[in-house]
$ cat structure20.csv   # CSV, C-alpha atoms and all ligand atoms
chain,number,residue,atom,x,y,z
A,1,VAL,CA,-8.2,12.3,-12.8
A,2,THR,CA,-11.2,11.8,-15.0
A,3,ASP,CA,-11.6,15.5,-15.2
A,4,LEU,CA,-7.9,16.0,-16.0
A,5,LEU,CA,-8.0,13.3,-18.7
A,6,ASP,CA,-11.1,15.0,-20.2
A,7,ARG,CA,-9.2,18.2,-20.5
A,8,ALA,CA,-6.1,16.4,-21.8
A,9,ALA,CA,-8.2,14.7,-24.5
A,10,LYS,CA,-9.5,18.1,-25.7
A,11,VAL,CA,-5.9,19.4,-26.1
A,12,SER,CA,-4.6,16.2,-27.7
A,13,HIS,CA,-7.6,16.3,-30.1
A,14,ARG,CA,-6.6,19.9,-31.0
A,15,LEU,CA,-3.0,18.9,-31.5
A,16,HIS,CA,-3.8,16.3,-34.1
A,17,ALA,CA,-6.4,18.4,-35.8
A,18,LEU,CA,-4.1,21.4,-36.0
A,19,SER,CA,-1.1,19.4,-37.2
A,20,THR,CA,-3.3,17.9,-39.9
A,21,ALA,CA,-4.5,21.3,-41.0
A,22,ALA,CA,-0.9,22.5,-41.1
A,23,SER,CA,0.1,19.5,-43.2
A,24,ASN,CA,-2.7,20.4,-45.6
A,25,ASP,CA,-1.6,24.0,-45.8
A,26,LEU,CA,1.9,22.8,-46.7
A,27,ASN,CA,0.8,20.1,-49.2
A,28,ASN,CA,-1.7,22.4,-51.0
A,29,HIS,CA,1.3,24.2,-52.5
A,30,PHE,CA,3.7,21.4,-52.5
A,31,ALA,CA,2.7,18.9,-55.1
A,32,PRO,CA,5.9,18.6,-57.2
A,33,ALA,CA,8.3,18.2,-54.3
A,34,LEU,CA,5.9,15.9,-52.4
A,35,LYS,CA,7.2,12.6,-53.9
A,36,LEU,CA,10.7,13.5,-53.0
A,37,VAL,CA,9.6,14.1,-49.4
A,38,MET,CA,7.9,10.8,-49.3
A,39,MET,CA,11.2,9.2,-49.9
A,40,ARG,CA,12.1,10.0,-46.4
A,41,PRO,CA,10.4,7.4,-44.3
A,42,LEU,CA,8.8,8.4,-41.0
A,43,SER,CA,10.8,5.6,-39.5
A,44,LEU,CA,13.6,8.2,-39.5
A,45,CYS,CA,11.6,10.4,-37.1
A,46,HIS,CA,13.6,11.1,-33.9
A,47,THR,CA,10.8,9.6,-31.8
A,48,SER,CA,11.0,6.2,-33.6
A,49,SER,CA,13.4,5.0,-30.9
A,50,LEU,CA,10.5,5.2,-28.4
A,51,ASN,CA,9.1,1.9,-29.8
A,52,THR,CA,5.5,2.9,-29.3
A,53,PRO,CA,2.9,0.2,-29.9
A,54,GLU,CA,1.7,-0.5,-33.5
A,55,ASP,CA,-1.8,-1.9,-33.2
A,56,LYS,CA,-4.7,-2.3,-30.8
A,57,GLU,CA,-3.5,-5.5,-29.1
A,58,GLN,CA,-0.2,-3.9,-28.2
A,59,VAL,CA,-1.9,-0.7,-27.0
A,60,LEU,CA,-4.5,-2.5,-24.9
A,61,GLN,CA,-1.8,-4.5,-23.1
A,62,LEU,CA,-0.3,-1.4,-21.7
A,63,SER,CA,-1.1,-0.2,-18.2
A,64,GLN,CA,-2.4,3.2,-17.4
A,65,GLU,CA,1.0,4.3,-16.1
A,66,ASP,CA,2.8,2.9,-19.2
A,67,LEU,CA,0.4,4.7,-21.6
A,68,LEU,CA,0.7,8.0,-19.7
A,69,THR,CA,4.5,7.6,-19.6
A,70,MET,CA,4.6,7.0,-23.3
A,71,VAL,CA,2.5,10.1,-23.9
A,72,ALA,CA,4.7,12.1,-21.6
A,73,LEU,CA,7.9,10.9,-23.5
A,74,LEU,CA,6.4,11.7,-26.9
A,75,LEU,CA,5.4,15.2,-25.8
A,76,LYS,CA,8.8,16.0,-24.2
A,77,SER,CA,10.6,14.7,-27.3
A,78,TRP,CA,8.8,17.4,-29.3
A,79,GLY,CA,9.6,20.4,-27.1
A,80,THR,CA,12.7,21.5,-29.0
A,81,PRO,CA,11.7,20.5,-32.5
A,82,LEU,CA,8.5,22.4,-32.2
A,83,LEU,CA,10.3,25.5,-31.2
A,84,TYR,CA,12.5,25.0,-34.2
A,85,LEU,CA,9.4,24.7,-36.4
A,86,VAL,CA,8.0,28.0,-35.1
A,87,LYS,CA,11.3,29.6,-36.0
A,88,GLU,CA,11.4,28.0,-39.4
A,89,ALA,CA,7.9,29.0,-40.2
A,90,GLN,CA,8.9,32.6,-40.0
A,91,GLU,CA,11.3,32.2,-42.9
A,92,LEU,CA,9.7,29.5,-44.8
A,93,PRO,CA,9.6,30.1,-48.6
A,94,HIS,CA,6.0,29.1,-48.8
A,95,PRO,CA,2.8,31.0,-49.7
A,96,ALA,CA,1.0,29.8,-46.6
A,97,ASN,CA,3.7,30.7,-44.1
A,98,ASP,CA,1.5,33.1,-42.1
A,99,ALA,CA,-1.0,30.3,-41.5
A,100,LEU,CA,1.8,27.9,-40.8
A,101,LEU,CA,3.4,30.2,-38.3
A,102,TRP,CA,0.4,30.7,-36.0
A,103,LYS,CA,-0.4,27.0,-36.2
A,104,MET,CA,3.2,26.1,-35.2
A,105,ALA,CA,3.1,28.6,-32.4
A,106,GLU,CA,-0.1,27.1,-31.1
A,107,LEU,CA,1.1,23.5,-31.5
A,108,SER,CA,4.3,24.4,-29.5
A,109,GLN,CA,2.3,26.0,-26.7
A,110,GLN,CA,-0.4,23.3,-26.5
A,111,THR,CA,2.2,20.6,-26.5
A,112,GLU,CA,3.8,22.2,-23.4
A,113,ASN,CA,0.3,22.5,-21.8
A,114,LEU,CA,-0.5,18.9,-22.4
A,115,ALA,CA,2.9,17.8,-21.1
A,116,ARG,CA,2.2,19.7,-17.9
A,117,GLY,CA,-1.3,18.1,-17.7
A,118,ILE,CA,0.0,14.6,-18.2
A,119,ASP,CA,2.7,15.1,-15.5
A,120,LYS,CA,0.0,16.3,-13.2
A,121,ILE,CA,-2.0,13.1,-13.8
A,122,LEU,CA,1.0,10.9,-13.3
A,123,ASN,CA,1.7,12.7,-10.0
A,124,LYS,CA,-1.9,12.3,-8.9
A,125,LEU,CA,-1.8,8.6,-9.7
A,126,ASP,CA,1.5,8.0,-7.9
A,127,PRO,CA,2.5,10.9,-5.6
A,128,THR,CA,5.6,9.0,-4.6
A,129,GLY,CA,7.0,9.7,-8.0
A,130,PHE,CA,7.7,6.1,-8.7
A,131,HIS,CA,6.7,6.7,-12.3
A,132,SER,CA,9.3,9.4,-12.8
A,133,PHE,CA,11.1,8.4,-15.9
A,134,SER,CA,14.6,9.1,-16.8
A,135,THR,CA,15.1,12.1,-19.1
A,136,ASP,CA,17.5,9.8,-21.0
A,137,LEU,CA,14.4,8.3,-22.5
A,138,ILE,CA,13.4,11.5,-24.2
A,139,SER,CA,14.4,11.2,-27.8
A,140,PRO,CA,17.2,13.6,-28.7
A,141,TRP,CA,16.7,15.6,-31.8
A,142,SER,CA,19.7,16.4,-33.8
A,143,GLY,CA,18.3,19.7,-35.1
A,144,GLY,CA,17.9,21.4,-38.4
A,145,PRO,CA,17.9,19.7,-41.8
A,146,GLY,CA,19.4,16.3,-41.7
A,147,LEU,CA,23.0,15.7,-42.7
A,148,GLU,CA,22.0,14.3,-46.1
A,149,MET,CA,20.2,17.6,-46.8
A,150,GLY,CA,21.6,20.8,-47.9
A,151,SER,CA,21.1,24.2,-46.3
A,152,ASP,CA,19.3,25.8,-49.2
A,153,LYS,CA,15.7,26.9,-49.1
A,154,LYS,CA,14.3,23.8,-50.5
A,155,SER,CA,16.0,21.6,-48.0
A,156,HIS,CA,14.5,23.8,-45.2
A,157,LEU,CA,11.1,23.3,-46.8
A,158,LEU,CA,11.5,19.5,-47.1
A,159,ASN,CA,12.8,19.2,-43.6
A,160,PHE,CA,9.9,21.3,-42.3
A,161,HIS,CA,7.5,18.9,-44.1
A,162,PHE,CA,9.3,15.9,-42.7
A,163,LEU,CA,9.2,17.1,-39.1
A,164,LEU,CA,5.6,18.1,-39.4
A,165,SER,CA,4.7,14.7,-40.8
A,166,CYS,CA,6.5,13.1,-37.8
A,167,PHE,CA,4.6,15.3,-35.4
A,168,ARG,CA,1.3,14.7,-37.1
A,169,ARG,CA,1.7,11.0,-36.7
A,170,ASP,CA,2.9,11.3,-33.1
A,171,SER,CA,0.0,13.6,-32.2
A,172,ASN,CA,-2.3,10.9,-33.6
A,173,LYS,CA,-0.7,8.4,-31.2
A,174,ILE,CA,-0.9,10.8,-28.3
A,175,ASP,CA,-4.6,11.5,-29.0
A,176,SER,CA,-5.4,7.8,-29.3
A,177,PHE,CA,-3.7,7.0,-26.1
A,178,VAL,CA,-5.2,9.9,-24.1
A,179,LYS,CA,-8.7,9.0,-25.3
A,180,LEU,CA,-8.2,5.4,-24.4
A,181,LEU,CA,-7.1,6.5,-20.9
A,182,ARG,CA,-10.1,8.7,-20.6
A,183,CYS,CA,-12.3,5.8,-21.5
A,184,ARG,CA,-10.7,3.5,-19.0
A,185,ALA,CA,-11.0,6.2,-16.3
A,186,THR,CA,-14.7,6.5,-16.8
A,187,LYS,CA,-15.5,2.8,-16.8
A,188,MET,CA,-18.4,3.3,-14.4
A,189,ASN,CA,-20.1,5.3,-17.1
A,190,PRO,CA,-19.7,3.4,-20.4
A,191,GLU,CA,-21.8,6.0,-22.2
A,192,SER,CA,-18.9,8.3,-22.2
A,193,CYS,CA,-16.8,6.2,-24.7
B,1,GLN,CA,-3.5,-6.0,-78.8
B,2,THR,CA,-1.3,-4.0,-76.5
B,3,PRO,CA,0.4,-4.1,-73.1
B,4,PRO,CA,-2.1,-3.3,-70.2
B,5,GLY,CA,-3.0,0.3,-69.4
B,6,ARG,CA,-2.0,1.8,-66.1
B,7,PRO,CA,-4.1,0.7,-63.1
B,8,VAL,CA,-5.2,3.4,-60.6
B,9,ILE,CA,-5.5,2.8,-56.9
B,10,THR,CA,-8.7,4.5,-55.9
B,11,GLU,CA,-8.7,4.4,-52.1
B,12,CYS,CA,-7.8,2.5,-48.9
B,13,ARG,CA,-10.2,2.5,-46.0
B,14,SER,CA,-10.1,1.0,-42.5
B,15,PRO,CA,-13.5,0.5,-40.7
B,16,GLU,CA,-12.1,0.0,-37.2
B,17,LYS,CA,-8.3,0.9,-37.1
B,18,GLU,CA,-7.5,-2.8,-37.0
B,19,THR,CA,-7.8,-4.0,-40.7
B,20,PHE,CA,-7.9,-2.1,-44.0
B,21,THR,CA,-8.8,-2.7,-47.7
B,22,CYS,CA,-7.5,-1.0,-50.8
B,23,TRP,CA,-9.3,-0.9,-54.1
B,24,TRP,CA,-8.1,-0.1,-57.7
B,25,VAL,CA,-9.6,0.4,-61.1
B,26,PRO,CA,-7.8,-1.5,-63.9
B,27,GLY,CA,-6.6,0.4,-67.0
B,28,SER,CA,-7.2,-1.0,-70.5
B,29,SER,CA,-6.6,-4.8,-70.7
B,30,GLY,CA,-5.0,-4.3,-74.1
B,31,GLY,CA,-7.4,-6.9,-75.5
B,32,LEU,CA,-5.7,-9.7,-73.6
B,33,THR,CA,-6.2,-11.5,-70.3
B,34,THR,CA,-4.6,-9.2,-67.8
B,35,LYS,CA,-3.6,-10.1,-64.2
B,36,TYR,CA,-3.4,-7.6,-61.4
B,37,SER,CA,-1.3,-7.9,-58.3
B,38,LEU,CA,-0.9,-5.5,-55.4
B,39,HIS,CA,2.4,-4.9,-53.7
B,40,TYR,CA,3.4,-3.0,-50.6
B,41,LYS,CA,6.3,-1.9,-48.5
B,42,ILE,CA,6.1,-0.8,-44.9
B,43,ASP,CA,7.8,2.3,-43.6
B,44,GLY,CA,11.5,1.9,-43.1
B,45,SER,CA,11.7,-1.6,-44.6
B,46,GLN,CA,12.9,-2.3,-48.1
B,47,GLU,CA,11.1,-5.6,-48.2
B,48,ASN,CA,8.3,-5.8,-50.8
B,49,TYR,CA,5.3,-8.0,-50.1
B,50,GLU,CA,2.3,-9.1,-52.2
B,51,CYS,CA,-1.3,-8.6,-51.1
B,52,PRO,CA,-2.2,-11.2,-48.5
B,53,ASP,CA,-5.9,-11.6,-49.5
B,54,TYR,CA,-7.5,-10.7,-52.8
B,55,LYS,CA,-10.8,-12.3,-51.9
B,56,THR,CA,-12.3,-10.8,-48.8
B,57,GLY,CA,-12.7,-7.2,-50.2
B,58,GLY,CA,-14.3,-8.3,-53.5
B,59,GLN,CA,-13.1,-7.6,-57.1
B,60,ASN,CA,-10.0,-5.4,-57.6
B,61,SER,CA,-9.2,-5.1,-53.9
B,62,CYS,CA,-6.8,-6.3,-51.3
B,63,TYR,CA,-7.7,-6.9,-47.7
B,64,PHE,CA,-5.2,-6.6,-44.9
B,65,ASN,CA,-6.3,-8.5,-41.8
B,66,LYS,CA,-5.2,-7.7,-38.2
B,67,SER,CA,-1.9,-9.5,-38.5
B,68,TYR,CA,-1.0,-7.5,-41.6
B,69,THR,CA,-2.1,-4.2,-40.2
B,70,SER,CA,-0.1,-1.8,-38.2
B,71,VAL,CA,-1.7,1.5,-37.5
B,72,TRP,CA,1.1,4.1,-37.4
B,73,ASN,CA,3.3,3.0,-40.2
B,74,THR,CA,3.2,4.2,-43.8
B,75,TYR,CA,2.3,1.6,-46.4
B,76,THR,CA,3.6,2.3,-49.9
B,77,ILE,CA,1.1,0.5,-52.2
B,78,THR,CA,1.3,-0.2,-55.9
B,79,VAL,CA,-0.7,-2.3,-58.3
B,80,ILE,CA,0.9,-4.1,-61.3
B,81,ALA,CA,-1.1,-5.1,-64.4
B,82,THR,CA,0.4,-7.8,-66.5
B,83,ASN,CA,-0.5,-9.5,-69.8
B,84,ASN,CA,1.4,-11.4,-72.4
B,85,LEU,CA,2.7,-8.2,-74.0
B,86,GLY,CA,4.0,-6.5,-70.9
B,87,SER,CA,3.1,-4.9,-67.7
B,88,ASN,CA,2.2,-1.5,-66.2
B,89,ILE,CA,2.5,-0.2,-62.7
B,90,SER,CA,0.2,2.3,-60.9
B,91,GLU,CA,1.3,5.5,-59.1
B,92,PRO,CA,2.2,4.5,-55.6
B,93,LEU,CA,-0.3,5.3,-52.8
B,94,TYR,CA,1.0,6.2,-49.4
B,95,VAL,CA,-1.3,5.0,-46.6
B,96,ASP,CA,-1.2,5.5,-42.9
B,97,VAL,CA,-4.0,3.4,-41.4
B,98,ALA,CA,-4.7,6.0,-38.7
B,99,TYR,CA,-5.7,8.5,-41.5
B,100,ILE,CA,-8.0,6.3,-43.5
B,101,VAL,CA,-10.6,5.3,-40.9
B,102,GLN,CA,-14.2,5.2,-42.1
B,103,PRO,CA,-16.5,3.3,-39.8
B,104,HIS,CA,-19.5,1.2,-40.8
B,105,GLN,CA,-22.9,2.7,-40.1
B,106,PRO,CA,-24.4,2.9,-36.6
B,107,GLU,CA,-26.8,0.1,-35.9
B,108,ASN,CA,-30.2,-0.6,-34.3
B,109,ILE,CA,-31.6,2.8,-34.7
B,110,THR,CA,-34.8,3.3,-32.8
B,111,ALA,CA,-37.0,6.3,-32.7
B,112,GLU,CA,-39.7,6.4,-30.0
B,113,PHE,CA,-42.3,9.1,-29.5
B,114,THR,CA,-42.7,9.9,-25.8
B,115,THR,CA,-43.5,12.7,-23.4
B,116,LEU,CA,-41.8,14.0,-20.4
B,117,ASP,CA,-43.5,16.6,-18.2
B,118,GLN,CA,-46.2,17.0,-20.9
B,119,LYS,CA,-43.5,17.9,-23.4
B,120,PRO,CA,-43.7,15.5,-26.4
B,121,TYR,CA,-40.5,14.6,-28.1
B,122,LEU,CA,-38.9,11.9,-30.3
B,123,MET,CA,-36.2,9.9,-28.5
B,124,VAL,CA,-33.7,8.5,-31.1
B,125,LYS,CA,-31.2,5.9,-30.0
B,126,TRP,CA,-28.6,3.8,-31.7
B,127,ASP,CA,-25.6,1.5,-31.3
B,128,PRO,CA,-22.1,2.0,-32.6
B,129,PRO,CA,-21.1,-0.2,-35.6
B,130,LYS,CA,-20.4,-3.7,-34.3
B,131,LYS,CA,-16.9,-3.7,-35.7
B,132,ALA,CA,-15.7,-0.5,-34.0
B,133,ASP,CA,-14.3,-1.2,-30.6
B,134,THR,CA,-15.6,1.9,-28.8
B,135,LYS,CA,-15.8,0.0,-25.5
B,136,SER,CA,-12.1,-0.1,-24.9
B,137,GLY,CA,-11.7,3.5,-26.1
B,138,TRP,CA,-9.7,2.3,-29.2
B,139,MET,CA,-12.2,4.2,-31.3
B,140,THR,CA,-14.0,7.3,-30.3
B,141,LEU,CA,-17.0,8.0,-32.5
B,142,GLN,CA,-19.1,11.1,-33.1
B,143,TYR,CA,-22.6,10.9,-34.4
B,144,GLU,CA,-25.0,13.0,-36.4
B,145,LEU,CA,-28.6,12.3,-37.2
B,146,ARG,CA,-30.9,13.6,-39.8
B,147,ILE,CA,-34.7,13.7,-39.9
B,148,LYS,CA,-37.3,14.7,-42.3
B,149,PRO,CA,-41.1,14.3,-42.8
B,150,GLU,CA,-41.9,11.6,-45.3
B,151,LYS,CA,-43.0,14.1,-47.9
B,152,GLY,CA,-40.4,16.7,-47.0
B,153,LEU,CA,-37.5,17.4,-49.3
B,154,ILE,CA,-35.0,18.8,-46.8
B,155,TRP,CA,-33.2,16.8,-44.1
B,156,GLU,CA,-32.7,18.5,-40.8
B,157,ASN,CA,-29.3,17.6,-39.3
B,158,HIS,CA,-28.5,17.3,-35.6
B,159,PHE,CA,-25.0,16.7,-34.3
B,160,ALA,CA,-25.0,14.4,-31.3
B,161,GLY,CA,-21.3,14.4,-30.3
B,162,ASN,CA,-20.3,11.2,-28.5
B,163,GLN,CA,-23.8,10.5,-27.3
B,164,LYS,CA,-25.7,7.5,-28.5
B,165,GLN,CA,-29.1,9.2,-28.0
B,166,PHE,CA,-30.7,12.4,-29.1
B,167,ASN,CA,-34.1,14.0,-28.4
B,168,ILE,CA,-35.9,16.0,-31.0
B,169,TYR,CA,-38.7,18.4,-29.9
B,170,SER,CA,-40.1,20.3,-32.8
B,171,LEU,CA,-42.3,17.8,-34.6
B,172,ILE,CA,-45.4,18.1,-36.8
B,173,PRO,CA,-48.2,16.1,-35.2
B,174,GLY,CA,-49.6,13.3,-37.5
B,175,GLU,CA,-46.5,13.2,-39.7
B,176,VAL,CA,-44.4,10.2,-40.5
B,177,TYR,CA,-40.7,11.0,-40.1
B,178,LEU,CA,-37.6,9.4,-41.5
B,179,VAL,CA,-34.6,9.1,-39.3
B,180,GLU,CA,-31.0,8.2,-40.2
B,181,VAL,CA,-27.7,8.3,-38.3
B,182,HIS,CA,-24.1,8.3,-39.3
B,183,CYS,CA,-20.8,8.4,-37.4
B,184,LYS,CA,-17.2,9.4,-37.8
B,185,PRO,CA,-14.1,8.7,-35.8
B,186,ASP,CA,-12.5,11.7,-34.1
B,187,HIS,CA,-10.1,12.0,-37.0
B,188,GLY,CA,-11.4,10.3,-40.2
B,189,TYR,CA,-14.3,10.0,-42.6
B,190,TRP,CA,-18.1,10.0,-42.0
B,191,SER,CA,-19.7,6.6,-42.5
B,192,GLU,CA,-22.5,6.1,-44.9
B,193,TRP,CA,-26.0,7.0,-43.5
B,194,SER,CA,-27.7,4.1,-41.7
B,195,HIS,CA,-30.8,2.6,-43.2
B,196,THR,CA,-33.9,4.6,-42.5
B,197,THR,CA,-36.1,4.2,-39.5
B,198,TYR,CA,-39.7,5.4,-39.9
B,199,VAL,CA,-41.7,6.8,-37.0
B,200,GLN,CA,-45.3,8.0,-36.9
B,201,ILE,CA,-46.0,11.0,-34.8
B,202,PRO,CA,-49.5,10.9,-33.2
B,203,HIS,CA,-51.9,13.8,-33.3
B,204,TYR,CA,-50.9,14.9,-29.9
B,205,MET,CA,-52.0,18.5,-29.9
A,301,NA,NA,-9.8,-8.7,-54.6
A,302,NA,NA,-2.0,-5.8,-36.3
A,303,NA,NA,-10.9,7.9,-33.4
$ encode --input "structure20.csv" --output "structure tokens" --more "lines below"
Ligand code: NA
Ligand code: NA
Ligand code: NA
Amino acid sequence: VTDLLDRAAKVSHRLHALSTAASNDLNNHFAPALKLVMMRPLSLCHTSSLNTPEDKEQVLQLSQEDLLTMVALLLKSWGTPLLYLVKEAQELPHPANDALLWKMAELSQQTENLARGIDKILNKLDPTGFHSFSTDLISPWSGGPGLEMGSDKKSHLLNFHFLLSCFRRDSNKIDSFVKLLRCRATKMNPESC
Amino acid sequence: QTPPGRPVITECRSPEKETFTCWWVPGSSGGLTTKYSLHYKIDGSQENYECPDYKTGGQNSCYFNKSYTSVWNTYTITVIATNNLGSNISEPLYVDVAYIVQPHQPENITAEFTTLDQKPYLMVKWDPPKKADTKSGWMTLQYELRIKPEKGLIWENHFAGNQKQFNIYSLIPGEVYLVEVHCKPDHGYWSEWSHTTYVQIPHYM
């Protein structure tokens, strides 16, 4: 499990670094519209319903299984929206859309990889499958620009930005949780965290 | 005498992902006594709050202790300057605590000259900054050290990854070396360099 968590941490690290880089690509050419985007609070992200912890005390109270399940739920909630972002990146009216496209493609692929890895860890920890969570818990995503947005190019761009900001934040949570789990798993060797 | 100029929020930083501080620079005072107040909203809530602590972070700052800090929410922060003739509000700053982490410097840096299998080397060790909770895994830090001979001009940098120890092999006998270490979270800003540790390399050749 330590080995699997070590690999998971490398992928979760990559996810956050890559989504940060993609956000920067987008923002570098996005100054005028940025303020407008900021009006849309990330509390409207589709994963907000998962009620993930908000500070250290809350995170440290969670068991290994709870943390892993939370990571699994976050990752699964992003399957469809990331595929949508890959598709959107191909038609995005944005000077960095080539860079954004490959980043979205890698994000989508690595998110799936990590989801598989986390499932594997959960199964190793509890082969009876007691942990197996209901797919109802996976946050549904309504798809495309929100109702309050139009279907014009700018709306697509704003929606892309909003979704990417949501993913960036979630990938930071995922990476934090996975690294915490990795640290817990290597308690015998405190030098590793 | 005029209304106050526009204050500018310069930055917000969190040393350990548990608390954070924001700083601003005042605009012109307009020649009058001007008061500054910091206000914030948290993601999804319309509620507007005033800074909970103007003292801890020093002048022109606001400190958010643990109970006022949540890591994965966006804080919308503004500063209002007010004097008898009017008031002026800064541009808002949007802050996610997870994205503004800059740890304090590593501590207890030691550099010890030693030999193993007749190979002389310098063993540099350090501790993470006290405030950063690395033990629970809440923070993951990476370290870099730099070394130069006392009279040298150029630092030689070595990336140590997550390790809290690093060995340096290519040393000039008889020199006094300066060693410093800094750290960064996995996603965040480098700390300042630690204060300098001096080490005398003997004439071992
Ligand atoms: Na202050
Ligand atoms: Na808190
Ligand atoms: Na970190």
$ residues_near_ligand --input "structure20.csv" --ligand "ligand NA 303 (chain A)" --cutoff "9 Å" --atoms "all atoms listed in the file" --output "ChimeraX atom specification"
/A:175-176,179 /B:16-17,98,101,134,137-142,184-188
$ closest_residue --input "structure20.csv" --among "B:Gly30, B:Gly174, B:Pro106, B:Pro128" --to "chain A" --atoms "only C-alpha atoms"
B:Pro128
$ atom_distance --input "structure20.csv" --atom1 "CA of Ala81 (chain B)" --atom2 "CA of Phe64 (chain B)"
20.0 Å
$ residues_near_ligand --input "structure20.csv" --ligand "ligand NA 302 (chain A)" --cutoff "10 Å" --atoms "only C-alpha atoms and all ligand atoms" --output "ChimeraX atom specification"
/A:54-58 /B:17-19,64-71
$ closest_residue --input "structure20.csv" --among "B:Ala160, B:Val25, B:Cys62, B:Leu38" --to "ligand NA 301 (chain A)" --atoms "only C-alpha atoms and all ligand atoms"
B:Cys62
$ residues_near_ligand --input "structure20.csv" --ligand "ligand NA 301 (chain A)" --cutoff "12 Å" --atoms "all atoms listed in the file" --output "list in words"
Thr21, Cys22, Trp23, Trp24, Val25, Pro26, Lys35, Tyr36, Ser37, Leu38, Cys51, Pro52, Asp53, Tyr54, Lys55, Thr56, Gly57, Gly58, Gln59, Asn60, Ser61, Cys62, Tyr63, Phe64 and Val79 of chain B
$ atom_distance --input "structure20.csv" --atom1 "CA of Cys183 (chain B)" --atom2 "CA of Ser136 (chain B)"
17.4 Å
$ atom_distance --input "structure20.csv" --atom1 "CA of Gln61 (chain A)" --atom2 "CA of Asn73 (chain B)"
19.4 Å
$ residues_around --input "structure20.csv" --residues "region 86-95 of chain B" --least-positions-apart "4" --cutoff "8 Å" --atoms "all atoms listed in the file" --output "list in words"
Pro3, Pro4, Gly5, Arg6, Pro7, Val8, Ile9, Cys12, Thr74, Tyr75, Thr76, Ile77, Thr78, Val79, Ile80, Ala81, Thr82, Tyr99 and Ile100 of chain B
$ residues_near_point --input "structure20.csv" --point "(-12.2, 14.5, -22.8)" --cutoff "10 Å" --atoms "only C-alpha atoms" --output "MDAnalysis selection string"
chainID A and resid 2:13 178:179 181:183 192:193
$ residues_near_point --input "structure20.csv" --point "(8.8, 22.4, -34.8)" --cutoff "9 Å" --atoms "all atoms listed in the file" --output "list in words"
Trp78, Gly79, Thr80, Pro81, Leu82, Leu83, Tyr84, Leu85, Val86, Lys87, Glu88, Ala89, Met104, Ala105, Leu107, Ser108, Phe160, Leu163, Leu164 and Phe167 of chain A
$ closest_residue --input "structure20.csv" --among "B:Val181, B:Val124, B:Ile201, B:Ile168" --to "Gln105 (chain B)" --atoms "only C-alpha atoms"
B:Val181
$ residues_around --input "structure20.csv" --residues "Tyr177 (chain B)" --least-positions-apart "4" --cutoff "8 Å" --atoms "only C-alpha atoms" --output "ChimeraX atom specification"
/B:147-150,198-201
$ write_last_selection --input "structure20.csv" --atoms "C-alpha atoms" --output "JSON list (two decimals), keeping the file's coordinate frame"
[["chain", "number", "residue", "atom", "x", "y", "z"],
["B", 147, "ILE", "CA", -34.70, 13.70, -39.90],
["B", 148, "LYS", "CA", -37.30, 14.70, -42.30],
["B", 149, "PRO", "CA", -41.10, 14.30, -42.80],
["B", 150, "GLU", "CA", -41.90, 11.60, -45.30],
["B", 198, "TYR", "CA", -39.70, 5.40, -39.90],
["B", 199, "VAL", "CA", -41.70, 6.80, -37.00],
["B", 200, "GLN", "CA", -45.30, 8.00, -36.90],
["B", 201, "ILE", "CA", -46.00, 11.00, -34.80]]
$ closest_residue --input "structure20.csv" --among "B:Ile42, B:Leu178, B:Leu85, B:Ile109" --to "Asp127 (chain B)" --atoms "only C-alpha atoms"
B:Ile109
$ closest_residue --input "structure20.csv" --among "A:Leu62, A:Leu180, A:Asp25, A:Lys120" --to "Leu100 (chain A)" --atoms "all atoms listed in the file"
A:Asp25
$ build_atoms --input "structure20.csv" --residues "region 72-81 of chain A" --atoms "N, CA and C atoms" --output "PDB file, in the frame of the given file"
ATOM      1  N   ALA A  72       3.840  11.126 -22.173  1.00  0.00           N
ATOM      2  CA  ALA A  72       4.700  12.100 -21.600  1.00  0.00           C
ATOM      3  C   ALA A  72       6.059  12.168 -22.396  1.00  0.00           C
ATOM      4  N   LEU A  73       6.586  10.997 -22.720  1.00  0.00           N
ATOM      5  CA  LEU A  73       7.900  10.900 -23.500  1.00  0.00           C
ATOM      6  C   LEU A  73       7.704  11.514 -24.857  1.00  0.00           C
ATOM      7  N   LEU A  74       6.602  11.164 -25.533  1.00  0.00           N
ATOM      8  CA  LEU A  74       6.400  11.700 -26.900  1.00  0.00           C
ATOM      9  C   LEU A  74       6.304  13.231 -26.813  1.00  0.00           C
ATOM     10  N   LEU A  75       5.537  13.740 -25.849  1.00  0.00           N
ATOM     11  CA  LEU A  75       5.400  15.200 -25.800  1.00  0.00           C
ATOM     12  C   LEU A  75       6.707  15.875 -25.470  1.00  0.00           C
ATOM     13  N   LYS A  76       7.482  15.308 -24.560  1.00  0.00           N
ATOM     14  CA  LYS A  76       8.800  16.000 -24.200  1.00  0.00           C
ATOM     15  C   LYS A  76       9.763  15.877 -25.342  1.00  0.00           C
ATOM     16  N   SER A  77       9.655  14.816 -26.142  1.00  0.00           N
ATOM     17  CA  SER A  77      10.600  14.700 -27.300  1.00  0.00           C
ATOM     18  C   SER A  77      10.310  15.769 -28.335  1.00  0.00           C
ATOM     19  N   TRP A  78       9.139  16.416 -28.247  1.00  0.00           N
ATOM     20  CA  TRP A  78       8.800  17.400 -29.300  1.00  0.00           C
ATOM     21  C   TRP A  78       9.005  18.847 -28.824  1.00  0.00           C
ATOM     22  N   GLY A  79       9.426  19.062 -27.586  1.00  0.00           N
ATOM     23  CA  GLY A  79       9.600  20.400 -27.100  1.00  0.00           C
ATOM     24  C   GLY A  79      10.529  21.244 -28.013  1.00  0.00           C
ATOM     25  N   THR A  80      11.761  20.787 -28.180  1.00  0.00           N
ATOM     26  CA  THR A  80      12.700  21.500 -29.000  1.00  0.00           C
ATOM     27  C   THR A  80      12.396  21.548 -30.473  1.00  0.00           C
ATOM     28  N   PRO A  81      12.072  20.414 -31.078  1.00  0.00           N
ATOM     29  CA  PRO A  81      11.700  20.500 -32.500  1.00  0.00           C
ATOM     30  C   PRO A  81      10.570  21.385 -32.844  1.00  0.00           C
TER      31      PRO A  81
END
